[in-house]
file work-v9.tsv (TSV, C-alpha atoms)
chain	number	residue	atom	x	y	z
R	23	MET	CA	-120.64	-74.20	-47.29
R	24	SER	CA	-123.47	-74.56	-44.77
R	25	ASP	CA	-125.57	-72.06	-46.79
R	26	ILE	CA	-125.87	-74.55	-49.66
R	27	PRO	CA	-129.31	-76.25	-49.42
R	28	ASN	CA	-129.33	-80.00	-48.88
R	29	THR	CA	-131.03	-81.35	-52.00
R	30	LEU	CA	-129.09	-84.61	-52.27
R	31	ASN	CA	-132.20	-86.84	-52.07
R	32	TYR	CA	-133.75	-85.09	-55.06
R	33	MET	CA	-130.52	-85.45	-57.02
R	34	ILE	CA	-130.44	-89.22	-56.34
R	35	ALA	CA	-134.12	-89.52	-57.31
R	36	GLY	CA	-133.53	-87.56	-60.52
R	37	PHE	CA	-130.55	-89.64	-61.64
R	38	SER	CA	-132.31	-92.89	-60.72
R	39	VAL	CA	-135.33	-91.99	-62.85
R	40	MET	CA	-133.13	-91.07	-65.82
R	41	VAL	CA	-131.04	-94.26	-65.64
R	42	LEU	CA	-134.06	-96.54	-65.15
R	43	ALA	CA	-136.02	-94.91	-67.98
R	44	VAL	CA	-133.14	-95.19	-70.48
R	45	LEU	CA	-132.33	-98.79	-69.53
R	46	GLY	CA	-136.03	-99.65	-69.61
R	47	TYR	CA	-136.44	-98.27	-73.12
R	48	ILE	CA	-133.28	-100.03	-74.37
R	49	ALA	CA	-134.50	-103.34	-72.89
R	50	TRP	CA	-137.95	-102.89	-74.49
R	51	LEU	CA	-136.43	-102.04	-77.88
R	52	TRP	CA	-133.99	-104.98	-77.82
R	53	ARG	CA	-136.79	-107.32	-76.74
R	54	ARG	CA	-138.96	-106.22	-79.65
R	55	ILE	CA	-136.04	-106.80	-82.06
R	56	SER	CA	-135.22	-110.27	-80.73
R	57	ASN	CA	-138.91	-111.28	-80.77
R	58	ARG	CA	-139.25	-110.14	-84.37
R	59	ILE	CA	-136.11	-112.05	-85.43
R	60	LYS	CA	-137.53	-115.17	-83.77
R	61	GLN	CA	-140.88	-114.74	-85.56
R	62	ILE	CA	-139.14	-114.24	-88.93
R	63	ASN	CA	-137.03	-117.38	-88.42
R	64	GLU	CA	-140.16	-119.37	-87.55
R	65	ILE	CA	-142.08	-118.13	-90.58
R	66	GLN	CA	-139.10	-118.74	-92.89
R	67	SER	CA	-138.67	-122.32	-91.68
R	68	GLU	CA	-142.41	-122.88	-92.14
R	69	SER	CA	-142.12	-121.55	-95.70
R	70	ARG	CA	-139.15	-123.83	-96.39
R	71	GLU	CA	-141.01	-126.87	-95.04
R	72	ARG	CA	-144.01	-126.08	-97.16
R	73	LYS	CA	-141.86	-125.64	-100.26
R	74	GLU	CA	-140.13	-128.99	-99.63
R	75	ASN	CA	-143.47	-130.74	-99.14
R	76	THR	CA	-144.90	-129.19	-102.32
R	77	ASN	CA	-141.82	-130.20	-104.33
R	78	GLY	CA	-142.12	-133.72	-102.92
R	79	LEU	CA	-145.67	-133.98	-104.25
R	80	PHE	CA	-144.59	-133.25	-107.81
R	81	GLU	CA	-141.49	-135.45	-107.87
L	12	MET	CA	-128.06	-108.34	-92.32
L	13	LEU	CA	-130.88	-107.03	-90.13
L	14	ALA	CA	-130.38	-109.76	-87.55
L	15	LYS	CA	-127.07	-108.38	-86.27
L	16	ARG	CA	-125.72	-104.94	-85.41
L	17	THR	CA	-123.01	-103.63	-87.72
L	18	PRO	CA	-119.56	-102.77	-86.29
L	19	VAL	CA	-120.33	-99.05	-86.82
L	20	HIS	CA	-123.53	-99.45	-84.79
L	21	GLN	CA	-121.66	-101.25	-81.99
L	22	THR	CA	-119.00	-98.52	-82.01
L	23	ILE	CA	-121.66	-95.82	-81.59
L	24	TYR	CA	-123.11	-97.69	-78.59
L	25	LEU	CA	-119.61	-97.89	-77.09
L	26	LEU	CA	-118.98	-94.19	-77.78
L	27	SER	CA	-122.28	-93.37	-76.11
L	28	LEU	CA	-121.32	-95.43	-73.06
L	29	ALA	CA	-117.84	-93.88	-72.85
L	30	ALA	CA	-119.22	-90.35	-73.26
L	31	THR	CA	-121.87	-91.01	-70.57
L	32	VAL	CA	-119.21	-92.23	-68.11
L	33	ALA	CA	-117.07	-89.16	-68.91
L	34	ALA	CA	-120.07	-86.83	-68.50
L	35	LEU	CA	-120.98	-88.44	-65.15
L	36	TRP	CA	-117.39	-88.06	-63.95
L	37	MET	CA	-117.48	-84.36	-64.94
L	38	ILE	CA	-120.86	-83.87	-63.22
L	39	PHE	CA	-119.70	-85.31	-59.90
L	40	PHE	CA	-115.97	-84.47	-59.79
L	41	TYR	CA	-115.34	-81.55	-62.16
L	42	ALA	CA	-118.33	-79.19	-62.14
L	43	PRO	CA	-118.75	-77.18	-58.92
L	44	ILE	CA	-121.84	-77.40	-56.72
L	45	GLU	CA	-124.25	-74.59	-57.54
L	46	ILE	CA	-124.48	-72.41	-54.45
L	47	ASN	CA	-128.23	-71.62	-54.52
L	48	MET	CA	-129.58	-75.03	-55.49
L	49	GLY	CA	-127.12	-77.51	-54.03
L	50	ALA	CA	-126.67	-81.04	-55.35
L	51	VAL	CA	-130.00	-81.18	-57.23
L	52	GLN	CA	-128.64	-78.77	-59.85
L	53	LYS	CA	-126.50	-81.66	-61.12
L	54	ILE	CA	-129.65	-83.18	-62.62
L	55	PHE	CA	-129.72	-80.24	-65.00
L	56	TYR	CA	-126.83	-81.42	-67.18
L	57	PHE	CA	-128.66	-84.53	-68.38
L	58	HIS	CA	-132.10	-82.90	-68.06
L	59	VAL	CA	-131.05	-80.27	-70.62
L	60	GLY	CA	-129.39	-82.96	-72.76
L	61	PHE	CA	-132.59	-85.04	-72.88
L	62	ALA	CA	-134.69	-81.97	-73.71
L	63	TRP	CA	-132.30	-80.83	-76.45
L	64	VAL	CA	-131.86	-84.21	-78.08
L	65	GLY	CA	-135.65	-84.73	-77.78
L	66	MET	CA	-136.22	-81.57	-79.80
L	67	LEU	CA	-133.47	-82.55	-82.23
L	68	SER	CA	-135.19	-85.88	-82.82
L	69	PHE	CA	-138.45	-84.08	-83.66
L	70	LEU	CA	-136.52	-81.96	-86.15
L	71	VAL	CA	-135.07	-85.13	-87.71
L	72	ALA	CA	-138.61	-86.56	-87.90
L	73	ALA	CA	-139.91	-83.42	-89.65
L	74	ILE	CA	-137.06	-83.56	-92.20
L	75	ALA	CA	-137.67	-87.29	-92.75
L	76	SER	CA	-141.40	-86.62	-93.23
L	77	ILE	CA	-140.62	-84.01	-95.90
L	78	GLY	CA	-138.28	-86.58	-97.48
L	79	TYR	CA	-141.12	-89.11	-97.51
L	80	LEU	CA	-143.60	-86.72	-99.13
L	81	ILE	CA	-141.05	-85.91	-101.85
L	82	SER	CA	-139.85	-89.44	-102.62
L	83	TYR	CA	-142.51	-91.79	-101.13
L	84	THR	CA	-139.64	-94.02	-100.04
L	85	GLU	CA	-140.30	-96.26	-97.03
L	86	ILE	CA	-137.01	-95.52	-95.25
L	87	TRP	CA	-138.03	-91.87	-94.67
L	88	ASP	CA	-141.23	-93.01	-92.96
L	89	ASP	CA	-139.23	-95.46	-90.84
L	90	LEU	CA	-136.81	-92.70	-89.85
L	91	ALA	CA	-139.64	-90.34	-88.86
L	92	GLU	CA	-141.42	-92.95	-86.74
L	93	ALA	CA	-138.18	-94.04	-85.06
L	94	SER	CA	-137.12	-90.49	-84.30
L	95	ILE	CA	-140.48	-89.58	-82.78
L	96	GLU	CA	-140.56	-92.66	-80.56
L	97	ILE	CA	-137.08	-91.92	-79.20
L	98	GLY	CA	-137.79	-88.19	-78.99
L	99	LEU	CA	-140.85	-88.90	-76.87
L	100	VAL	CA	-138.86	-91.09	-74.48
L	101	PHE	CA	-136.25	-88.33	-74.14
L	102	THR	CA	-138.90	-85.63	-73.66
L	103	VAL	CA	-140.72	-87.62	-70.96
L	104	ILE	CA	-137.42	-88.17	-69.13
L	105	ALA	CA	-136.69	-84.42	-69.37
L	106	VAL	CA	-140.14	-83.57	-67.95
L	107	ILE	CA	-139.88	-86.05	-65.04
L	108	SER	CA	-136.31	-85.06	-64.13
L	109	GLY	CA	-137.30	-81.37	-64.41
L	110	SER	CA	-140.20	-81.99	-62.07
L	111	ILE	CA	-137.90	-83.61	-59.51
L	112	TRP	CA	-135.57	-80.58	-59.78
L	113	ALA	CA	-138.51	-78.19	-59.41
L	114	LYS	CA	-139.76	-79.60	-56.08
L	115	PRO	CA	-136.94	-78.26	-53.89
L	116	ILE	CA	-136.27	-75.19	-56.09
L	117	TRP	CA	-139.80	-73.94	-56.91
L	118	ASN	CA	-141.45	-75.76	-54.02
L	119	THR	CA	-143.81	-77.57	-56.38
L	120	TRP	CA	-143.64	-80.62	-58.65
L	121	TRP	CA	-145.51	-78.86	-61.44
L	122	THR	CA	-146.67	-75.41	-62.45
L	123	TRP	CA	-148.35	-74.18	-65.63
L	124	ASP	CA	-145.35	-72.12	-66.62
L	125	PRO	CA	-144.97	-71.36	-70.40
L	126	ARG	CA	-142.05	-73.80	-70.82
L	127	LEU	CA	-143.78	-76.64	-68.98
L	128	THR	CA	-147.07	-75.99	-70.77
L	129	THR	CA	-145.53	-75.87	-74.25
L	130	THR	CA	-143.48	-79.00	-73.51
L	131	SER	CA	-146.68	-80.82	-72.46
L	132	ILE	CA	-148.43	-79.72	-75.65
L	133	MET	CA	-145.43	-80.85	-77.73
L	134	GLY	CA	-145.37	-84.25	-76.00
L	135	LEU	CA	-149.13	-84.76	-76.48
L	136	ILE	CA	-148.90	-83.79	-80.16
L	137	TYR	CA	-146.21	-86.43	-80.73
L	138	PHE	CA	-148.07	-89.07	-78.70
L	139	GLY	CA	-150.94	-88.28	-81.09
L	140	TYR	CA	-148.63	-89.14	-84.00
L	141	LEU	CA	-148.11	-92.66	-82.63
L	142	PHE	CA	-151.86	-93.10	-82.03
L	143	LEU	CA	-152.59	-91.90	-85.56
L	144	ARG	CA	-150.25	-94.54	-86.98
L	145	LYS	CA	-151.99	-97.23	-84.95
L	146	ALA	CA	-155.43	-96.03	-86.05
L	147	LEU	CA	-154.87	-96.06	-89.82
L	148	GLU	CA	-154.86	-99.46	-91.51
L	149	ASN	CA	-154.10	-98.56	-95.12
L	150	GLN	CA	-150.29	-98.39	-95.31
L	151	GLU	CA	-150.03	-95.63	-97.91
L	152	THR	CA	-152.63	-93.43	-96.18
L	153	LYS	CA	-150.94	-94.02	-92.84
L	154	LYS	CA	-147.53	-92.95	-94.11
L	155	ARG	CA	-148.82	-89.89	-95.96
L	156	PHE	CA	-151.07	-88.66	-93.12
L	157	SER	CA	-148.34	-89.31	-90.54
L	158	ALA	CA	-145.82	-87.29	-92.56
L	159	LEU	CA	-148.25	-84.36	-92.87
L	160	TYR	CA	-149.12	-84.57	-89.17
L	161	CYS	CA	-145.44	-84.67	-88.22
L	162	ILE	CA	-144.60	-81.59	-90.30
L	163	ALA	CA	-147.57	-79.66	-88.88
L	164	GLY	CA	-146.77	-80.84	-85.33
L	165	PHE	CA	-143.23	-79.54	-85.59
L	166	VAL	CA	-144.54	-76.02	-84.94
L	167	THR	CA	-144.67	-76.97	-81.23
L	168	VAL	CA	-140.88	-77.46	-81.12
L	169	PRO	CA	-139.78	-73.83	-81.76
L	170	MET	CA	-142.75	-72.78	-79.62
L	171	THR	CA	-141.29	-74.81	-76.74
L	172	PHE	CA	-137.71	-73.72	-77.40
L	173	PHE	CA	-138.50	-70.00	-77.44
L	174	SER	CA	-141.10	-70.11	-74.64
L	175	ILE	CA	-138.50	-69.23	-71.99
L	176	ARG	CA	-137.05	-66.48	-74.11
L	177	ASN	CA	-140.21	-64.80	-75.40
L	178	ALA	CA	-142.72	-65.42	-72.61
L	179	ARG	CA	-142.64	-64.67	-68.90
L	180	SER	CA	-141.26	-67.91	-67.54
L	181	ILE	CA	-139.69	-68.92	-64.26
L	182	HIS	CA	-137.75	-71.67	-66.06
L	183	PRO	CA	-134.05	-70.75	-66.27
L	184	VAL	CA	-132.48	-70.02	-69.66
L	185	VAL	CA	-129.66	-72.55	-69.61
L	186	ILE	CA	-128.27	-72.04	-73.09
L	187	GLY	CA	-127.47	-68.44	-74.03
L	188	ASP	CA	-127.43	-65.42	-71.76
L	189	GLY	CA	-131.08	-64.47	-71.61
L	190	ALA	CA	-132.69	-62.97	-68.53
L	191	GLY	CA	-132.97	-65.50	-65.71
L	192	GLY	CA	-129.91	-67.36	-66.93
L	193	MET	CA	-128.07	-69.85	-64.73
L	194	ASN	CA	-124.73	-68.00	-65.01
L	195	MET	CA	-122.81	-71.20	-65.56
L	196	THR	CA	-119.08	-71.37	-64.97
L	197	SER	CA	-116.87	-72.68	-67.80
L	198	GLU	CA	-116.64	-76.05	-65.97
L	199	MET	CA	-120.44	-76.25	-65.90
L	200	GLY	CA	-120.64	-75.35	-69.60
L	201	LEU	CA	-118.15	-78.06	-70.56
L	202	THR	CA	-119.99	-80.61	-68.43
L	203	MET	CA	-123.27	-79.73	-70.12
L	204	ALA	CA	-121.63	-80.10	-73.54
L	205	ALA	CA	-120.33	-83.56	-72.52
L	206	ALA	CA	-123.82	-84.64	-71.38
L	207	ILE	CA	-125.41	-83.40	-74.63
L	208	LEU	CA	-122.72	-85.20	-76.67
L	209	ALA	CA	-123.28	-88.46	-74.75
L	210	LEU	CA	-127.04	-88.29	-75.32
L	211	THR	CA	-126.55	-87.46	-79.01
L	212	PHE	CA	-124.48	-90.65	-79.42
L	213	LEU	CA	-127.17	-92.57	-77.52
L	214	TYR	CA	-129.84	-91.11	-79.80
L	215	ILE	CA	-127.92	-92.19	-82.93
L	216	ALA	CA	-127.37	-95.72	-81.57
L	217	LEU	CA	-131.05	-96.06	-80.59
L	218	MET	CA	-132.14	-94.69	-83.96
L	219	MET	CA	-130.10	-97.36	-85.75
L	220	ASP	CA	-131.74	-100.07	-83.63
L	221	ARG	CA	-135.24	-98.61	-84.03
L	222	VAL	CA	-134.86	-98.33	-87.82
L	223	ARG	CA	-133.55	-101.91	-87.81
L	224	LEU	CA	-136.72	-102.95	-86.00
L	225	ALA	CA	-138.80	-101.19	-88.66
L	226	GLY	CA	-136.87	-103.12	-91.34
L	227	LEU	CA	-137.54	-106.38	-89.49
L	228	ASN	CA	-141.25	-105.49	-89.28
L	229	HIS	CA	-141.36	-105.01	-93.07
L	230	LEU	CA	-139.52	-108.30	-93.63
L	231	TYR	CA	-141.94	-110.10	-91.29
L	232	ALA	CA	-144.97	-108.65	-93.10
L	233	HIS	CA	-143.47	-109.65	-96.46
L	234	GLU	CA	-142.67	-113.23	-95.35
L	235	ARG	CA	-146.12	-113.60	-93.83
L	236	GLU	CA	-147.76	-112.43	-97.03
L	237	ASN	CA	-145.70	-114.93	-99.05
L	238	LEU	CA	-146.68	-117.77	-96.74
L	239	GLU	CA	-150.38	-116.84	-96.86
L	240	GLN	CA	-150.22	-116.77	-100.67
L	241	ALA	CA	-148.59	-120.19	-100.66
L	242	TYR	CA	-151.45	-121.61	-98.60
L	243	GLU	CA	-154.11	-120.14	-100.90
call {"tool": "encode", "arguments": {"input": "work-v9.tsv", "output": "structure tokens"}}
result
Amino acid sequence: MSDIPNTLNYMIAGFSVMVLAVLGYIAWLWRRISNRIKQINEIQSESRERKENTNGLFE
Amino acid sequence: MLAKRTPVHQTIYLLSLAATVAALWMIFFYAPIEINMGAVQKIFYFHVGFAWVGMLSFLVAAIASIGYLISYTEIWDDLAEASIEIGLVFTVIAVISGSIWAKPIWNTWWTWDPRLTTTSIMGLIYFGYLFLRKALENQETKKRFSALYCIAGFVTVPMTFFSIRNARSIHPVVIGDGAGGMNMTSEMGLTMAAAILALTFLYIALMMDRVRLAGLNHLYAHERENLEQAYE
């Protein structure tokens, strides 16, 4: 057993990098999605408001 | 419809999580410690998984690009872009984790070995794909040029895959029994299969989200155009 090299620190570093990178990418992707949904909702409500105002002018 | 994940999508995320937990359990409690490398060898199960799924995603992107050039349908372009973005993330993780493994085993963080060199070239080629998309403004030109670039760039994938088999490389051949193989036990082989399966599920789940984002981007552009026309 004692012949096995002690490389535990490298193993911990390797797993930490993998976990952080995956979670980081997922967070970035989800953030981009939620931002886009928010922007679409804003633009759609602006469109609706404009439509209502335009209709009001012709009534 | 685009605003929420479908039940199938949520199930794939859950499957990916369950498979990752199972793979981690197998890595730490089922697979034996490799006698020459010690604990750091355990990185290899996910390192190989990330590299494999990275290459798979570039294959998916090449197929999607061919699909786009045949049909000129937007979804193929979305699939190619999504697959390359995720493939790049997976490839970068494989390179960094491989570098951490190399330090105690090869006594260096990096060496210009054929596998490491071809992987770097492959990564740079696909980073170039993303830059190309940013650089072109005309949508049709962008999609057509990107598809052609992606198909041409795919040549780096088999080059990377076969670099450890056909060139003199110090990188171990993990899959198959080529010279310089890791001589994995059956427990190690099963653990590697579990890690690859977990990352394949993760890739599919991320692809569904990334394609959803592309759909949202199209919807946003469309709504914006409508609003601008209304103001004119």
call {"tool": "residues_around", "arguments": {"input": "work-v9.tsv", "residues": "region 52-55 of chain L", "least_positions_apart": "3", "cutoff": "7 Å", "atoms": "all atoms listed in the file", "output": "ChimeraX atom specification"}}
result
/R:33,36-37 /L:38,45,48-49,58-59
call {"tool": "interface_residues", "arguments": {"input": "work-v9.tsv", "of": "chain R", "to": "chain L", "cutoff": "9 Å", "atoms": "all atoms listed in the file", "output": "PyMOL selection string"}}
result
chain R and resi 23+25-37+39-40+43-44+47-48+51-52+54-56+58-59+61-62+65-66+68-69+72-73
call {"tool": "atom_distance", "arguments": {"input": "work-v9.tsv", "atom1": "CA of Leu35 (chain L)", "atom2": "CA of Ala206 (chain L)"}}
result
7.8 Å
call {"tool": "closest_residue", "arguments": {"input": "work-v9.tsv", "among": "L:Ala158, L:Ala33, L:Leu201, L:Val184", "to": "Tyr83 (chain L)", "atoms": "all atoms listed in the file"}}
result
L:Ala158
call {"tool": "residues_around", "arguments": {"input": "work-v9.tsv", "residues": "Met203 (chain L)", "least_positions_apart": "4", "cutoff": "8 Å", "atoms": "only C-alpha atoms", "output": "ChimeraX atom specification"}}
result
/L:34,56-57,59-60,199,207
call {"tool": "write_last_selection", "arguments": {"input": "work-v9.tsv", "atoms": "C-alpha atoms", "output": "tab-separated table (two decimals), in the coordinates of the input"}}
result
chain	number	residue	atom	x	y	z
L	34	ALA	CA	-120.07	-86.83	-68.50
L	56	TYR	CA	-126.83	-81.42	-67.18
L	57	PHE	CA	-128.66	-84.53	-68.38
L	59	VAL	CA	-131.05	-80.27	-70.62
L	60	GLY	CA	-129.39	-82.96	-72.76
L	199	MET	CA	-120.44	-76.25	-65.90
L	207	ILE	CA	-125.41	-83.40	-74.63
call {"tool": "closest_residue", "arguments": {"input": "work-v9.tsv", "among": "L:Ala163, L:Ala209, L:Ile95, L:Leu127", "to": "Ala178 (chain L)", "atoms": "all atoms listed in the file"}}
result
L:Leu127
call {"tool": "atom_distance", "arguments": {"input": "work-v9.tsv", "atom1": "CA of Asp124 (chain L)", "atom2": "CA of Ala73 (chain L)"}}
result
26.2 Å
call {"tool": "axis_aligned_box", "arguments": {"input": "work-v9.tsv", "around": "region 55-73 of chain R", "padding_each_side": "8 Å", "output": "JSON"}}
result
{"center_x": -139.6, "center_y": -116.8, "center_z": -90.5, "size_x": 24.8, "size_y": 36.1, "size_z": 35.5}
call {"tool": "closest_residue", "arguments": {"input": "work-v9.tsv", "among": "L:Glu236, L:Glu243, L:Glu198, L:Asp88", "to": "Met37 (chain L)", "atoms": "only C-alpha atoms"}}
result
L:Glu198
call {"tool": "atom_distance", "arguments": {"input": "work-v9.tsv", "atom1": "CA of Phe172 (chain L)", "atom2": "CA of Ala30 (chain L)"}}
result
25.2 Å
call {"tool": "residues_near_point", "arguments": {"input": "work-v9.tsv", "point": "(-148.5, -87.7, -90.7)", "cutoff": "10 Å", "atoms": "only C-alpha atoms", "output": "list in words"}}
result
Ala73, Ser76, Leu80, Asp88, Ala91, Glu92, Gly139, Tyr140, Leu141, Leu143, Arg144, Thr152, Lys153, Lys154, Arg155, Phe156, Ser157, Ala158, Leu159, Tyr160, Cys161, Ile162, Ala163 and Gly164 of chain L
call {"tool": "decode", "arguments": {"input": "work-v9.tsv", "residues": "region 139-153 of chain L", "atoms": "N, CA and C atoms", "output": "short mmCIF file (atom, residue, chain, number, x, y, z; two decimals), in the first residue's frame"}}
result
data_model
loop_
_atom_site.label_atom_id
_atom_site.label_comp_id
_atom_site.auth_asym_id
_atom_site.auth_seq_id
_atom_site.Cartn_x
_atom_site.Cartn_y
_atom_site.Cartn_z
N GLY L 139 -12.85 29.53 -33.01
CA GLY L 139 -12.93 30.32 -34.24
C GLY L 139 -14.35 30.33 -34.80
N TYR L 140 -15.04 29.21 -34.68
CA TYR L 140 -16.43 29.12 -35.16
C TYR L 140 -17.30 30.16 -34.45
N LEU L 141 -17.14 30.26 -33.14
CA LEU L 141 -17.96 31.21 -32.37
C LEU L 141 -17.61 32.65 -32.74
N PHE L 142 -16.30 32.91 -32.94
CA PHE L 142 -15.88 34.26 -33.36
C PHE L 142 -16.43 34.59 -34.74
N LEU L 143 -16.41 33.61 -35.63
CA LEU L 143 -16.93 33.82 -36.99
C LEU L 143 -18.40 34.22 -36.94
N ARG L 144 -19.16 33.56 -36.09
CA ARG L 144 -20.60 33.88 -35.97
C ARG L 144 -20.80 35.30 -35.46
N LYS L 145 -19.92 35.71 -34.54
CA LYS L 145 -20.03 37.08 -34.00
C LYS L 145 -19.66 38.11 -35.06
N ALA L 146 -18.72 37.72 -35.94
CA ALA L 146 -18.18 38.70 -36.89
C ALA L 146 -19.12 38.97 -38.05
N LEU L 147 -19.93 37.99 -38.45
CA LEU L 147 -20.79 38.17 -39.62
C LEU L 147 -22.15 38.73 -39.23
N GLU L 148 -22.57 39.78 -39.90
CA GLU L 148 -23.84 40.42 -39.53
C GLU L 148 -25.02 39.87 -40.31
N ASN L 149 -24.81 39.63 -41.61
CA ASN L 149 -25.90 39.11 -42.43
C ASN L 149 -26.24 37.68 -41.96
N GLN L 150 -27.50 37.49 -41.58
CA GLN L 150 -27.92 36.23 -40.97
C GLN L 150 -27.72 35.02 -41.89
N GLU L 151 -28.11 35.17 -43.14
CA GLU L 151 -28.00 34.03 -44.08
C GLU L 151 -26.55 33.67 -44.33
N THR L 152 -25.72 34.71 -44.54
CA THR L 152 -24.28 34.48 -44.78
C THR L 152 -23.66 33.82 -43.55
N LYS L 153 -24.03 34.32 -42.39
CA LYS L 153 -23.49 33.79 -41.14
C LYS L 153 -23.78 32.29 -41.02
#
